[in-house]
>>> print(open('target-v1.pdb').read())   # PDB, C-alpha atoms
ATOM      1  CA  MET N 266      25.934   5.516   7.532
ATOM      2  CA  LYS N 267      28.709   2.944   7.095
ATOM      3  CA  GLU N 268      28.980  -0.761   7.700
ATOM      4  CA  ASN N 269      29.898  -1.598  11.294
ATOM      5  CA  ASP N 270      29.880  -4.521  13.700
ATOM      6  CA  ASN N 271      26.091  -4.382  14.077
ATOM      7  CA  TYR N 272      25.094  -4.090  10.414
ATOM      8  CA  THR N 273      26.109  -5.488   7.043
ATOM      9  CA  ARG N 274      25.598  -3.313   3.972
ATOM     10  CA  GLU N 275      24.531  -4.364   0.488
ATOM     11  CA  LEU N 276      23.975  -2.216  -2.570
ATOM     12  CA  LEU N 277      20.672  -2.848  -4.352
ATOM     13  CA  THR N 278      20.590  -1.105  -7.697
ATOM     14  CA  PHE N 279      19.858  -1.545 -11.405
ATOM     15  CA  ASP N 280      20.640   0.222 -14.654
ATOM     16  CA  LEU N 281      18.571   3.377 -15.242
ATOM     17  CA  ILE N 282      18.312   2.742 -18.992
ATOM     18  CA  LYS N 283      16.947  -0.760 -18.376
ATOM     19  CA  ALA N 284      14.566   0.635 -15.776
ATOM     20  CA  ASN N 285      13.225   3.130 -18.329
ATOM     21  CA  LEU N 286      12.815   0.361 -20.923
ATOM     22  CA  TYR N 287      10.945  -1.825 -18.452
ATOM     23  CA  GLY N 288       8.838   1.200 -17.609
ATOM     24  CA  MET N 289       7.847   1.570 -21.268
ATOM     25  CA  PHE N 290       6.697  -2.055 -21.398
ATOM     26  CA  SER N 291       4.755  -1.555 -18.161
ATOM     27  CA  ILE N 292       2.189   0.457 -20.106
ATOM     28  CA  ILE N 293       0.477  -2.758 -21.253
ATOM     29  CA  PRO N 294      -0.609  -4.074 -17.809
ATOM     30  CA  ILE N 295      -1.284  -0.512 -16.598
ATOM     31  CA  LEU N 296      -3.585   0.135 -19.569
ATOM     32  CA  ILE N 297      -5.416  -3.117 -18.906
ATOM     33  CA  ILE N 298      -5.861  -2.301 -15.200
ATOM     34  CA  TYR N 299      -7.155   1.230 -15.835
ATOM     35  CA  LEU N 300      -8.909   1.099 -19.220
ATOM     36  CA  ILE N 301     -11.069  -1.983 -18.645
ATOM     37  CA  PRO N 302     -12.960  -0.616 -15.597
ATOM     38  CA  TYR N 303     -13.181   2.841 -17.205
ATOM     39  CA  TYR N 304     -14.676   1.351 -20.358
ATOM     40  CA  PHE N 305     -17.280  -0.716 -18.511
ATOM     41  CA  ILE N 306     -18.327   2.277 -16.394
ATOM     42  CA  TRP N 307     -18.378   4.891 -19.171
ATOM     43  CA  GLN N 308     -18.863   2.917 -22.382
ATOM     44  CA  ASP N 309     -22.168   4.653 -23.109
ATOM     45  CA  SER N 310     -20.460   8.065 -22.903
ATOM     46  CA  ILE N 311     -17.468   7.263 -25.108
ATOM     47  CA  ASN N 312     -18.415   9.009 -28.323
ATOM     48  CA  LYS N 313     -17.089  11.566 -30.784
ATOM     49  CA  LYS N 314     -18.456  14.574 -28.887
ATOM     50  CA  ASN N 315     -16.853  13.587 -25.606
ATOM     51  CA  LEU N 316     -13.529  12.934 -27.314
ATOM     52  CA  LYS N 317     -13.718  16.432 -28.795
ATOM     53  CA  ASP N 318     -14.447  17.882 -25.378
ATOM     54  CA  LEU N 319     -11.202  16.313 -24.170
ATOM     55  CA  LEU N 320      -9.204  18.463 -26.566
ATOM     56  CA  ILE N 321     -10.052  21.547 -24.457
ATOM     57  CA  TYR N 322      -9.799  24.266 -27.075
ATOM     58  CA  TYR N 323     -10.973  24.860 -30.649
ATOM     59  CA  LYS N 324     -10.542  27.728 -33.036
ATOM     60  CA  ASP N 325     -13.647  29.432 -34.409
ATOM     61  CA  ASN N 326     -13.572  27.169 -37.466
ATOM     62  CA  GLY N 327     -13.670  24.096 -35.276
ATOM     63  CA  TYR N 328     -10.061  22.961 -35.649
ATOM     64  CA  LEU N 329      -7.846  22.123 -32.743
ATOM     65  CA  ASN N 330      -5.085  24.537 -31.782
ATOM     66  CA  PRO N 331      -2.222  22.023 -31.429
ATOM     67  CA  PHE N 332       0.180  24.565 -29.925
ATOM     68  CA  LEU N 333      -2.115  25.418 -27.038
ATOM     69  CA  VAL N 334      -2.932  21.774 -26.317
ATOM     70  CA  GLY N 335       0.749  20.844 -26.526
ATOM     71  CA  PHE N 336       1.592  23.673 -24.130
ATOM     72  CA  ILE N 337      -1.099  22.584 -21.659
ATOM     73  CA  VAL N 338       0.105  18.969 -21.806
ATOM     74  CA  LEU N 339       3.714  20.081 -21.283
ATOM     75  CA  ILE N 340       2.773  22.207 -18.276
ATOM     76  CA  ALA N 341       0.676  19.401 -16.764
ATOM     77  CA  LEU N 342       3.504  16.875 -17.169
ATOM     78  CA  THR N 343       6.102  19.290 -15.794
ATOM     79  CA  ILE N 344       3.994  20.052 -12.729
ATOM     80  CA  GLY N 345       3.314  16.339 -12.263
ATOM     81  CA  ILE N 346       7.017  15.460 -12.431
ATOM     82  CA  ILE N 347       7.871  18.141  -9.875
ATOM     83  CA  LEU N 348       5.052  16.941  -7.609
ATOM     84  CA  HIS N 349       6.250  13.334  -7.974
ATOM     85  CA  GLU N 350       9.649  14.167  -6.476
ATOM     86  CA  LEU N 351       8.158  16.565  -3.927
ATOM     87  CA  ILE N 352       5.803  13.851  -2.650
ATOM     88  CA  HIS N 353       8.792  11.536  -2.188
ATOM     89  CA  GLY N 354      10.539  14.231  -0.178
ATOM     90  CA  ILE N 355       7.581  15.239   1.972
ATOM     91  CA  THR N 356       6.800  11.634   2.854
ATOM     92  CA  TRP N 357      10.365  10.606   3.645
ATOM     93  CA  ALA N 358      10.952  13.803   5.629
ATOM     94  CA  LYS N 359       8.227  12.741   8.069
ATOM     95  CA  TYR N 360      10.395   9.763   9.092
ATOM     96  CA  THR N 361      13.786  11.509   9.355
ATOM     97  CA  LYS N 362      15.391  13.136  12.390
ATOM     98  CA  ASP N 363      16.199  16.370  10.565
ATOM     99  CA  GLY N 364      12.985  16.559   8.565
ATOM    100  CA  PHE N 365      13.177  18.315   5.199
ATOM    101  CA  LYS N 366      16.857  19.189   5.794
ATOM    102  CA  SER N 367      17.629  15.546   5.015
ATOM    103  CA  ILE N 368      15.961  15.761   1.589
ATOM    104  CA  ARG N 369      17.805  16.787  -1.558
ATOM    105  CA  PHE N 370      16.406  17.351  -5.039
ATOM    106  CA  GLY N 371      18.277  17.374  -8.330
ATOM    107  CA  VAL N 372      18.486  16.156 -11.917
ATOM    108  CA  LEU N 373      20.601  13.360 -13.417
ATOM    109  CA  TRP N 374      21.435  15.374 -16.534
ATOM    110  CA  LYS N 375      22.938  12.383 -18.313
ATOM    111  CA  PHE N 376      19.479  10.797 -18.391
ATOM    112  CA  LEU N 377      17.412  13.988 -18.013
ATOM    113  CA  THR N 378      15.862  12.390 -14.938
ATOM    114  CA  PRO N 379      14.863  14.393 -11.841
ATOM    115  CA  TYR N 380      15.353  12.756  -8.471
ATOM    116  CA  CYS N 381      14.668  13.106  -4.759
ATOM    117  CA  HIS N 382      17.361  11.823  -2.398
ATOM    118  CA  CYS N 383      16.987  11.163   1.326
ATOM    119  CA  LYS N 384      20.338  11.570   3.083
ATOM    120  CA  GLU N 385      19.245   9.724   6.240
ATOM    121  CA  PRO N 386      18.726   5.961   6.524
ATOM    122  CA  LEU N 387      15.088   4.954   6.906
ATOM    123  CA  LEU N 388      13.338   1.817   8.052
ATOM    124  CA  VAL N 389      12.410  -0.367   5.087
ATOM    125  CA  LYS N 390       8.699   0.102   5.777
ATOM    126  CA  HIS N 391       9.081   3.907   5.811
ATOM    127  CA  TYR N 392      11.205   3.915   2.660
ATOM    128  CA  ILE N 393       8.564   1.846   0.857
ATOM    129  CA  ILE N 394       5.797   4.242   1.928
ATOM    130  CA  GLY N 395       7.736   7.219   0.555
ATOM    131  CA  GLY N 396       8.617   5.297  -2.580
ATOM    132  CA  ILE N 397       5.081   4.329  -3.525
ATOM    133  CA  MET N 398       3.276   7.499  -2.448
ATOM    134  CA  PRO N 399       3.718   9.496  -5.726
ATOM    135  CA  ALA N 400       2.196   6.663  -7.761
ATOM    136  CA  ILE N 401      -0.772   6.581  -5.389
ATOM    137  CA  VAL N 402      -1.354  10.348  -5.299
ATOM    138  CA  LEU N 403      -0.613  11.143  -8.958
ATOM    139  CA  GLY N 404      -1.461   7.805 -10.570
ATOM    140  CA  LEU N 405      -4.076   5.810  -8.695
ATOM    141  CA  PHE N 406      -6.137   8.698  -7.268
ATOM    142  CA  PRO N 407      -6.626  10.552 -10.612
ATOM    143  CA  ALA N 408      -7.518   7.251 -12.298
ATOM    144  CA  LEU N 409     -10.089   6.432  -9.618
ATOM    145  CA  LEU N 410     -11.471   9.962  -9.924
ATOM    146  CA  SER N 411     -11.789   9.439 -13.673
ATOM    147  CA  PHE N 412     -13.901   6.344 -12.986
ATOM    148  CA  ILE N 413     -16.251   8.550 -10.957
ATOM    149  CA  THR N 414     -16.356  11.613 -13.234
ATOM    150  CA  GLY N 415     -15.667  10.083 -16.634
ATOM    151  CA  ASN N 416     -12.907  12.648 -17.241
ATOM    152  CA  VAL N 417     -10.552  11.130 -19.808
ATOM    153  CA  PHE N 418      -7.786  13.635 -19.069
ATOM    154  CA  LEU N 419      -7.618  12.434 -15.466
ATOM    155  CA  LEU N 420      -7.433   8.855 -16.745
ATOM    156  CA  ILE N 421      -4.505   9.668 -19.057
ATOM    157  CA  PHE N 422      -2.783  11.633 -16.281
ATOM    158  CA  GLY N 423      -3.212   8.696 -13.899
ATOM    159  CA  ILE N 424      -1.872   6.211 -16.433
ATOM    160  CA  PHE N 425       1.194   8.346 -17.186
ATOM    161  CA  PHE N 426       2.130   8.924 -13.556
ATOM    162  CA  THR N 427       1.572   5.315 -12.637
ATOM    163  CA  MET N 428       4.111   4.487 -15.339
ATOM    164  CA  ALA N 429       6.377   7.229 -13.988
ATOM    165  CA  GLY N 430       6.532   5.323 -10.708
ATOM    166  CA  PHE N 431       7.853   2.137 -12.310
ATOM    167  CA  GLY N 432      11.432   2.772 -11.159
ATOM    168  CA  ASP N 433      10.103   3.171  -7.624
ATOM    169  CA  PHE N 434       8.143  -0.077  -7.998
ATOM    170  CA  MET N 435      11.330  -1.922  -8.947
ATOM    171  CA  ILE N 436      13.135  -0.733  -5.821
ATOM    172  CA  ILE N 437      10.102  -1.530  -3.661
ATOM    173  CA  PHE N 438       9.922  -5.012  -5.174
ATOM    174  CA  MET N 439      13.552  -5.616  -4.166
ATOM    175  CA  LEU N 440      12.823  -4.452  -0.629
ATOM    176  CA  LEU N 441       9.678  -6.537  -0.054
ATOM    177  CA  LYS N 442      11.741  -9.564   0.924
ATOM    178  CA  GLU N 443      13.702  -7.543   3.505
ATOM    179  CA  ASN N 444      12.941  -7.241   7.190
ATOM    180  CA  LYS N 445      10.713  -4.181   7.461
ATOM    181  CA  ASN N 446      12.815  -2.936  10.386
ATOM    182  CA  SER N 447      16.114  -3.078   8.470
ATOM    183  CA  LEU N 448      17.579   0.249   7.398
ATOM    184  CA  VAL N 449      17.636   1.662   3.865
ATOM    185  CA  LEU N 450      19.869   4.477   2.652
ATOM    186  CA  ASP N 451      18.812   6.017  -0.639
ATOM    187  CA  HIS N 452      21.539   5.980  -3.297
ATOM    188  CA  PRO N 453      22.447   9.593  -4.200
ATOM    189  CA  SER N 454      23.045   9.092  -7.937
ATOM    190  CA  GLU N 455      21.676   5.713  -9.062
ATOM    191  CA  VAL N 456      18.319   3.964  -9.143
ATOM    192  CA  GLY N 457      18.666   1.938  -5.979
ATOM    193  CA  CYS N 458      19.654   2.000  -2.337
ATOM    194  CA  TYR N 459      21.851   0.499   0.346
ATOM    195  CA  ILE N 460      20.242  -2.029   2.648
ATOM    196  CA  TYR N 461      21.632  -2.341   6.185
ATOM    197  CA  ARG N 462      20.809  -5.651   7.792
ATOM    198  CA  GLU N 463      21.301  -5.968  11.536
ATOM    199  CA  HIS N 464      23.249  -9.033  12.635
ATOM    200  CA  GLU N 465      21.152 -11.659  14.357
ATOM    201  CA  VAL N 466      22.117 -12.289  17.973
TER
END
>>> encode(input="target-v1.pdb", output="structure tokens")
Amino acid sequence: MKENDNYTRELLTFDLIKANLYGMFSIIPILIIYLIPYYFIWQDSINKKNLKDLLIYYKDNGYLNPFLVGFIVLIALTIGIILHELIHGITWAKYTKDGFKSIRFGVLWKFLTPYCHCKEPLLVKHYIIGGIMPAIVLGLFPALLSFITGNVFLLIFGIFFTMAGFGDFMIIFMLLKENKNSLVLDHPSEVGCYIYREHEV
């Protein structure tokens, strides 16, 4: 979609390296939001035995197998990262004319960052829904489930994938001031998007 007589186009973007740095600092408020309620709910169960149970596997002599745990963590993070982008795509596809044909997946190898790109312009409100959905499904829901079950692994998973959505949060924050019926075109190679504002009559 290009600028025409009915719309004006503006690029909204920010540096990926800065976004990743901001994402690292976001761990402080995220930890406060998630750890405080978890602690007050499960403080009586936070003990040495339960922390050992979190480590999943022990050798016969009682020592942790670091290779197996590292492998499990790597697999869980890899699956989570793939799901993060897939959730973007599935959600955005629901609002496009061509469905999943308008969704493209790839990796920015320079930054080792996977991405999901929607080739069709979306309404701001629909773009925001697709942008925030991975953080809800992979971040908020596991954390809430950890409050119910006491499972520390779910809590850590939720914290990590809430942080993973920080770049999405930054774009969403930029779009909150926009008219929800304006159009947004996802940028194919940068953290950001084009906003198309319709001229007022």
>>> resolve_selection(input="target-v1.pdb", expression="the PyMOL selection byres ((chain N and resi 356-367) around 9)", output="PyMOL selection string")
chain N and resi 351-355+368-369+382-388+391-392+394-396+398
>>> resolve_selection(input="target-v1.pdb", expression="the PyMOL selection byres ((chain N and resi 444) around 10)", output="PyMOL selection string")
chain N and resi 388-390+440-443+445-448+462-463
>>> atom_distance(input="target-v1.pdb", atom1="atom CA of N:Ile292", atom2="atom CA of N:Ala400")
13.8 Å
>>> residues_around(input="target-v1.pdb", residues="N:Gly345", least_positions_apart="2", cutoff="10 Å", atoms="all atoms listed in the file", output="list in words")
Leu339, Ile340, Ala341, Leu342, Thr343, Ile347, Leu348, His349, Glu350, Leu351, Pro399, Leu403, Gly404, Phe422, Phe425, Phe426 and Ala429 of chain N
>>> atom_distance(input="target-v1.pdb", atom1="atom CA of N:Gly430", atom2="atom CA of N:Leu333")
27.3 Å
>>> resolve_selection(input="target-v1.pdb", expression="the PyMOL selection byres ((chain N and resi 274) around 6)", output="PyMOL selection string")
chain N and resi 268+273+275+460-461
>>> atom_distance(input="target-v1.pdb", atom1="atom CA of N:Tyr299", atom2="atom CA of N:Ile282")
25.7 Å
>>> residues_around(input="target-v1.pdb", residues="N:Ala408", least_positions_apart="5", cutoff="12 Å", atoms="only C-alpha atoms", output="PyMOL selection string")
chain N and resi 295-296+298-303+400-403+413-427
>>> closest_residue(input="target-v1.pdb", among="N:Ile437, N:Met428, N:Ile337, N:Ile306", to="N:Leu277", atoms="all atoms listed in the file")
N:Ile437
>>> decode(input="target-v1.pdb", residues="stretch 354-394 of chain N", atoms="N, CA and C atoms", output="compact mmCIF listing (two decimals), in the first residue's frame")
# COMPACT_ATOMS: atom_id res chain seq x y z
N GLY N 354 1.14 -14.62 13.57
CA GLY N 354 0.63 -14.91 12.23
C GLY N 354 -0.81 -15.38 12.22
N ILE N 355 -1.15 -16.29 13.11
CA ILE N 355 -2.51 -16.82 13.16
C ILE N 355 -3.51 -15.70 13.48
N THR N 356 -3.14 -14.85 14.42
CA THR N 356 -4.05 -13.77 14.82
C THR N 356 -4.22 -12.75 13.70
N TRP N 357 -3.11 -12.29 13.13
CA TRP N 357 -3.21 -11.31 12.05
C TRP N 357 -3.93 -11.88 10.83
N ALA N 358 -3.71 -13.16 10.56
CA ALA N 358 -4.33 -13.78 9.38
C ALA N 358 -5.86 -13.73 9.45
N LYS N 359 -6.40 -13.73 10.66
CA LYS N 359 -7.86 -13.68 10.83
C LYS N 359 -8.44 -12.35 10.32
N TYR N 360 -7.60 -11.31 10.23
CA TYR N 360 -8.08 -9.99 9.84
C TYR N 360 -7.65 -9.60 8.42
N THR N 361 -7.00 -10.50 7.68
CA THR N 361 -6.56 -10.18 6.34
C THR N 361 -7.51 -10.77 5.30
N LYS N 362 -7.46 -10.21 4.09
CA LYS N 362 -8.31 -10.71 3.01
C LYS N 362 -7.84 -12.08 2.52
N ASP N 363 -6.53 -12.26 2.45
CA ASP N 363 -5.97 -13.51 1.92
C ASP N 363 -5.58 -14.50 2.99
N GLY N 364 -5.96 -14.23 4.23
CA GLY N 364 -5.68 -15.18 5.31
C GLY N 364 -4.19 -15.42 5.50
N PHE N 365 -3.82 -16.69 5.69
CA PHE N 365 -2.43 -17.03 6.01
C PHE N 365 -1.49 -16.78 4.84
N LYS N 366 -2.01 -16.59 3.63
CA LYS N 366 -1.16 -16.28 2.48
C LYS N 366 -0.50 -14.91 2.64
N SER N 367 -1.07 -14.07 3.48
CA SER N 367 -0.52 -12.73 3.69
C SER N 367 0.51 -12.70 4.82
N ILE N 368 0.81 -13.86 5.39
CA ILE N 368 1.75 -13.94 6.51
C ILE N 368 3.06 -14.56 6.05
N ARG N 369 4.16 -13.93 6.47
CA ARG N 369 5.48 -14.44 6.11
C ARG N 369 6.33 -14.54 7.37
N PHE N 370 7.08 -15.64 7.46
CA PHE N 370 7.96 -15.86 8.60
C PHE N 370 9.42 -15.86 8.12
N GLY N 371 10.31 -15.45 8.99
CA GLY N 371 11.73 -15.45 8.64
C GLY N 371 12.59 -15.15 9.84
N VAL N 372 13.88 -14.92 9.57
CA VAL N 372 14.85 -14.61 10.63
C VAL N 372 15.72 -13.45 10.17
N LEU N 373 15.87 -12.43 11.02
CA LEU N 373 16.84 -11.36 10.78
C LEU N 373 18.19 -11.88 11.28
N TRP N 374 18.96 -12.47 10.36
CA TRP N 374 20.19 -13.17 10.76
C TRP N 374 21.21 -12.24 11.40
N LYS N 375 21.18 -10.96 11.03
CA LYS N 375 22.12 -10.01 11.60
C LYS N 375 21.96 -9.92 13.11
N PHE N 376 20.71 -10.07 13.58
CA PHE N 376 20.42 -9.98 15.00
C PHE N 376 19.97 -11.31 15.59
N LEU N 377 19.96 -12.36 14.76
CA LEU N 377 19.48 -13.68 15.18
C LEU N 377 18.08 -13.58 15.79
N THR N 378 17.23 -12.81 15.12
CA THR N 378 15.88 -12.55 15.62
C THR N 378 14.83 -13.06 14.63
N PRO N 379 14.00 -14.02 15.05
CA PRO N 379 12.91 -14.47 14.16
C PRO N 379 11.83 -13.41 14.08
N TYR N 380 11.06 -13.44 13.01
CA TYR N 380 9.99 -12.45 12.87
C TYR N 380 8.79 -13.04 12.13
N CYS N 381 7.66 -12.38 12.30
CA CYS N 381 6.45 -12.68 11.55
C CYS N 381 6.03 -11.37 10.89
N HIS N 382 5.82 -11.40 9.59
CA HIS N 382 5.47 -10.19 8.84
C HIS N 382 4.13 -10.36 8.16
N CYS N 383 3.25 -9.38 8.35
CA CYS N 383 1.95 -9.37 7.67
C CYS N 383 2.05 -8.44 6.47
N LYS N 384 1.81 -8.97 5.29
CA LYS N 384 2.00 -8.21 4.05
C LYS N 384 0.80 -7.32 3.71
N GLU N 385 -0.32 -7.50 4.42
CA GLU N 385 -1.49 -6.66 4.19
C GLU N 385 -1.61 -5.59 5.28
N PRO N 386 -2.11 -4.42 4.93
CA PRO N 386 -2.39 -3.42 5.98
C PRO N 386 -3.56 -3.87 6.84
N LEU N 387 -3.47 -3.57 8.13
CA LEU N 387 -4.52 -3.94 9.08
C LEU N 387 -5.01 -2.69 9.79
N LEU N 388 -6.22 -2.75 10.31
CA LEU N 388 -6.68 -1.68 11.19
C LEU N 388 -5.79 -1.67 12.44
N VAL N 389 -5.58 -0.49 12.98
CA VAL N 389 -4.74 -0.36 14.18
C VAL N 389 -5.19 -1.32 15.27
N LYS N 390 -6.50 -1.38 15.51
CA LYS N 390 -7.00 -2.22 16.60
C LYS N 390 -6.70 -3.70 16.35
N HIS N 391 -6.73 -4.12 15.07
CA HIS N 391 -6.44 -5.53 14.75
C HIS N 391 -4.94 -5.80 14.84
N TYR N 392 -4.14 -4.83 14.44
CA TYR N 392 -2.69 -4.99 14.53
C TYR N 392 -2.26 -5.12 16.00
N ILE N 393 -2.86 -4.31 16.85
CA ILE N 393 -2.55 -4.35 18.29
C ILE N 393 -2.93 -5.71 18.89
N ILE N 394 -4.08 -6.23 18.49
CA ILE N 394 -4.50 -7.54 19.01
C ILE N 394 -3.48 -8.61 18.64
